[in-house]
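*Asks:* The structure that follows is given in the form of structure tokens.
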Amino acid sequence: ESYLKSLLKIRLQKAYGIMETRKNILIDLMEKKLLYVFEYNGDLFPKDSFETVLNMVGLEDLVRCLIPQDPEEQNKMWIKLIDFSQRILEEGVGGTGLRIFPSVYVDSSSERFYELDRELFPKIIPDKSLISGRYSQIPVIGIKALEDDELMRRIQSRIDKTRGGYHAILDLSSITELKTTEDVIDRALSKLNVVKIRKNLVSCGTCNTKSPPVSRCPKCGSASILSLQTDN
């Protein structure tokens with residue numbers, strides 16, 4: 001653990017230095033009025049309160065490698081490493097306005113993060129041919145998971161520790177009834193402060209109307225339907 005923390009400290013200091021450089025470049029461009037989005041939305045992007053956000057990639061896999069069997073002990077180690085990382089950034093480096101996001105969002109950068117973790121943990125990260133979907137550390141939970149109080153407590157402890165930087169996706173893609181959807185969301189929010197909802201939708205290729213799965217557009221009647229999966 002001591003060796004791991006020493007290595008993590010070096011990585012965090014380097015990452016923080018890079019982020020500070022990027023922040024200073026942005027502020028310089030803002031002051032020169034070269035970033036029009038920032039210039040015309042100064043109330044949304046005040047340069048004196050920039051937040052530095054660091055993504056900790058591979059944290060979930062790391063704690064599973066250190067503690068293979070016990071989910072509760074894995075969670076304690078996860079919390080401990082987040083605490084340590086935040087302390088290094090706030091005290092050791094002297095940074096302010098820092099947030100750590102231990103989750104890797106599923107976007108076009110996920111391929112790069114996957115390959116990076118494969119390089120660092122070749123025996124832990126499964127080959128892409130063995131997993132479905134794109135690489136992400138955000139857990140996707142089903143409706144039955146809401147009945148697992150221990151799992152909900154562990155997820156909520158991570159949400160609390162990261163101030164919302166960690167969250168879960170609740171998969172409701174199998175539900176079509178609105179009332180059932182509302183009931184499940186209410187149950188989820190009674191257990192978790194932050195949750196995203198995964199739903200199946202369709203988009204009309206003619207008028208772009210989005211709706212629950214149907215064979216024809218409810219607005220224009222077109223049969224040109226594109227299936228979508230959304231996380232909101």
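Quick note on naming: the chains in the structure tokens go A, B, ... in the order shown, residues restart at 1 in each chain, and ligands are numbered from 1 in order of appearance.
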May I have the residues within 9 Å of stretch 160-176 of chain A as a PyMOL selection string, using only C-alpha atoms and disregarding those fewer than 6 positions away in the same chain?
*Replies:* chain A and resi 79+82-83+99-103+138-143+184-185+188+192-201+212-213+229+231-232
*Asks:* Which neighbours of A:Leu66 fall inside 10 Å, counting only C-alpha atoms, when residues of the same chain fewer than 6 positions from it are skipped, and could you give them as a list in words?
*Replies:*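 Neighbouring residues, sequence-local ones excluded: Glu1, Glu73, Gln74 and Met77 of chain A.
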*Asks:* Name the closest residue to A:Lys14 among the candidates A:Leu89, A:Gly205, A:Gln156, A:Lys33; distances are taken between atoms, counting only C-alpha atoms.
*Replies:* A:Leu89
*Asks:* Show which residues sit within 10 Å of A:Lys76, as a PyMOL selection string. Count only C-alpha atoms, and ignore same-chain residues fewer than 6 positions away.
*Replies:* chain A and resi 63+82+154+157-158
